[in-house]
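> Structure below; questions to follow.
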Amino acid sequence: MEFVQDGADLFSGLCVNSCLPMLNRVDPYRTQILTSVDMPQFISEVDATCDLVKGQRERDILEKIRELAERCVEAASLELHLQGD
């Protein structure tokens, strides 16, 4: 199992403030499970968000999450779990 540690809740903050449909549906208090079918849209929205953010910490988190999402594309049996508090 691989994960991205986001102790500062940067990703959830980006999602809450996002106008992109999939990221905006991420609930920082609930777990959301995405499958390989969800990955094209998810990756597209992560890329779009990465293009907009100015902070390097936010970019780093988005890039790490994108790497996990890419693995889900490559192996249909994998899931991406967005863990809420």
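Chain lettering (A, B, ...) mirrors the order of the structure tokens, residue numbering begins at 1 for each chain separately, and ligand numbering begins at 1 in order of display.
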Using only C-alpha atoms, determine which residues lie at most 12 Å from A:Glu67, disregarding the query and same-chain residues fewer than 5 positions distant; provide the list as an MDAnalysis selection string.
chainID A and resid 2:4 39 42:43 46:47 60:62 72:74 80
> Taking N, CA and C atoms for each residue, export the selection above as a CSV table (one decimal), in the first residue's frame.

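Output below, filename again-v1.csv:
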```csv
chain,number,residue,atom,x,y,z
A,2,GLU,N,0.6,2.1,-0.9
A,2,GLU,CA,1.4,3.4,-1.0
A,2,GLU,C,0.4,4.5,-0.6
A,3,PHE,N,0.9,5.6,-0.1
A,3,PHE,CA,0.1,6.7,0.3
A,3,PHE,C,0.9,8.0,0.2
A,4,VAL,N,0.1,9.1,0.2
A,4,VAL,CA,0.7,10.4,0.2
A,4,VAL,C,0.3,11.1,1.5
A,39,MET,N,-10.0,7.7,-13.2
A,39,MET,CA,-8.7,8.3,-13.3
A,39,MET,C,-8.5,9.4,-14.4
A,42,PHE,N,-10.0,12.5,-13.1
A,42,PHE,CA,-9.3,12.9,-11.9
A,42,PHE,C,-7.9,13.5,-12.2
A,43,ILE,N,-7.1,12.8,-13.1
A,43,ILE,CA,-5.8,13.3,-13.5
A,43,ILE,C,-5.9,14.6,-14.2
A,46,VAL,N,-6.5,17.2,-11.5
A,46,VAL,CA,-5.3,17.4,-10.7
A,46,VAL,C,-4.3,18.3,-11.5
A,47,ASP,N,-4.1,17.9,-12.8
A,47,ASP,CA,-3.2,18.7,-13.7
A,47,ASP,C,-3.6,20.2,-13.8
A,60,ASP,N,3.8,19.9,-5.0
A,60,ASP,CA,4.4,18.6,-4.6
A,60,ASP,C,3.4,17.6,-4.3
A,61,ILE,N,2.4,18.0,-3.5
A,61,ILE,CA,1.3,17.1,-3.1
A,61,ILE,C,0.5,16.6,-4.3
A,62,LEU,N,0.2,17.6,-5.2
A,62,LEU,CA,-0.6,17.2,-6.4
A,62,LEU,C,0.2,16.2,-7.3
A,72,CYS,N,-3.0,3.7,-10.9
A,72,CYS,CA,-4.4,3.1,-11.0
A,72,CYS,C,-4.8,3.0,-12.5
A,73,VAL,N,-4.3,3.8,-13.3
A,73,VAL,CA,-4.6,3.7,-14.8
A,73,VAL,C,-3.9,2.5,-15.3
A,74,GLU,N,-2.7,2.2,-14.9
A,74,GLU,CA,-2.0,1.1,-15.4
A,74,GLU,C,-2.5,-0.3,-14.9
A,80,LEU,N,-7.8,4.3,-5.8
A,80,LEU,CA,-7.2,5.4,-5.1
A,80,LEU,C,-8.2,5.9,-4.0
```
> Please list as a PyMOL selection string every residue within 12 Å of A:Leu23, counting only C-alpha atoms and excluding residues in the same chain fewer than 5 positions away.
chain A and resi 11-18+28+32+34+38-39+41-49+62+82
> Nearest residue to A:Ser36 out of A:Ser77, A:Gln5, A:Gln56, A:Gln83, using only C-alpha atoms?
A:Ser77
> Where does DSSP see helix (DSSP H, G or I) in chain A, if you list the residues as an MDAnalysis selection string?
chainID A and resid 10:16 21:24 39:52 56:74
> In Å, rounded to a single decimal, give me how far atom CA of A:Ala8 is from atom CA of A:Asp85.
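Between atom CA of A:Asp85 and atom CA of A:Ala8 the gap is 12.1 Å.
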> Output as a PyMOL selection string all residues of chain A that backbone DSSP marks as strand (DSSP E).
chain A and resi 32-35+79-82
> Can I get the selected residues back with all heavy atoms, as a CSV table (one decimal), in the first residue's frame?

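The result, stored in again_9.csv:
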```
chain,number,residue,atom,x,y,z
A,32,GLN,N,-13.3,8.8,0.0
A,32,GLN,CA,-13.8,8.6,-1.3
A,32,GLN,C,-12.9,7.6,-2.0
A,32,GLN,O,-11.7,7.7,-2.0
A,32,GLN,CB,-13.9,9.9,-2.0
A,32,GLN,CG,-14.5,9.8,-3.4
A,32,GLN,CD,-14.7,11.2,-4.0
A,32,GLN,OE1,-14.5,12.2,-3.4
A,32,GLN,NE2,-15.2,11.2,-5.2
A,33,ILE,N,-13.5,6.6,-2.7
A,33,ILE,CA,-12.7,5.6,-3.4
A,33,ILE,C,-12.9,5.8,-4.9
A,33,ILE,O,-14.0,5.8,-5.4
A,33,ILE,CB,-13.1,4.2,-3.0
A,33,ILE,CG1,-12.9,4.0,-1.5
A,33,ILE,CG2,-12.3,3.2,-3.8
A,33,ILE,CD1,-13.4,2.7,-0.9
A,34,LEU,N,-11.8,6.0,-5.6
A,34,LEU,CA,-11.8,6.2,-7.0
A,34,LEU,C,-11.1,4.9,-7.7
A,34,LEU,O,-10.2,4.4,-7.2
A,34,LEU,CB,-11.0,7.4,-7.4
A,34,LEU,CG,-11.4,8.7,-6.8
A,34,LEU,CD1,-10.5,9.9,-7.2
A,34,LEU,CD2,-12.9,9.1,-7.2
A,35,THR,N,-11.7,4.6,-8.8
A,35,THR,CA,-11.2,3.4,-9.6
A,35,THR,C,-10.5,3.9,-10.8
A,35,THR,O,-10.5,5.1,-11.1
A,35,THR,CB,-12.3,2.4,-9.9
A,35,THR,OG1,-13.2,3.1,-10.9
A,35,THR,CG2,-13.1,2.0,-8.7
A,79,GLU,N,-7.2,0.9,-6.6
A,79,GLU,CA,-8.1,2.0,-6.3
A,79,GLU,C,-7.3,3.1,-5.6
A,79,GLU,O,-6.3,2.8,-5.0
A,79,GLU,CB,-9.2,1.5,-5.3
A,79,GLU,CG,-10.0,0.4,-5.8
A,79,GLU,CD,-11.0,-0.1,-4.8
A,79,GLU,OE1,-10.7,0.0,-3.6
A,79,GLU,OE2,-12.1,-0.6,-5.2
A,80,LEU,N,-7.8,4.3,-5.8
A,80,LEU,CA,-7.2,5.4,-5.1
A,80,LEU,C,-8.2,5.9,-4.0
A,80,LEU,O,-9.3,6.2,-4.2
A,80,LEU,CB,-7.0,6.6,-6.0
A,80,LEU,CG,-6.3,7.9,-5.5
A,80,LEU,CD1,-4.9,7.5,-5.1
A,80,LEU,CD2,-6.3,8.9,-6.5
A,81,HIS,N,-7.7,5.8,-2.7
A,81,HIS,CA,-8.6,6.1,-1.6
A,81,HIS,C,-8.2,7.5,-1.1
A,81,HIS,O,-7.0,7.7,-0.7
A,81,HIS,CB,-8.4,5.1,-0.4
A,81,HIS,CG,-8.9,3.7,-0.8
A,81,HIS,ND1,-9.7,3.1,0.1
A,81,HIS,CD2,-8.7,2.9,-1.8
A,81,HIS,CE1,-10.0,1.9,-0.5
A,81,HIS,NE2,-9.4,1.8,-1.6
A,82,LEU,N,-9.1,8.4,-1.1
A,82,LEU,CA,-8.9,9.7,-0.6
A,82,LEU,C,-9.5,9.7,0.8
A,82,LEU,O,-10.7,9.7,1.0
A,82,LEU,CB,-9.6,10.8,-1.5
A,82,LEU,CG,-9.2,10.8,-2.9
A,82,LEU,CD1,-10.1,11.7,-3.8
A,82,LEU,CD2,-7.7,11.1,-3.1
```
> Atom CA of A:Ala75 and atom CA of A:Asn24 are how many Å apart?
25.3 Å
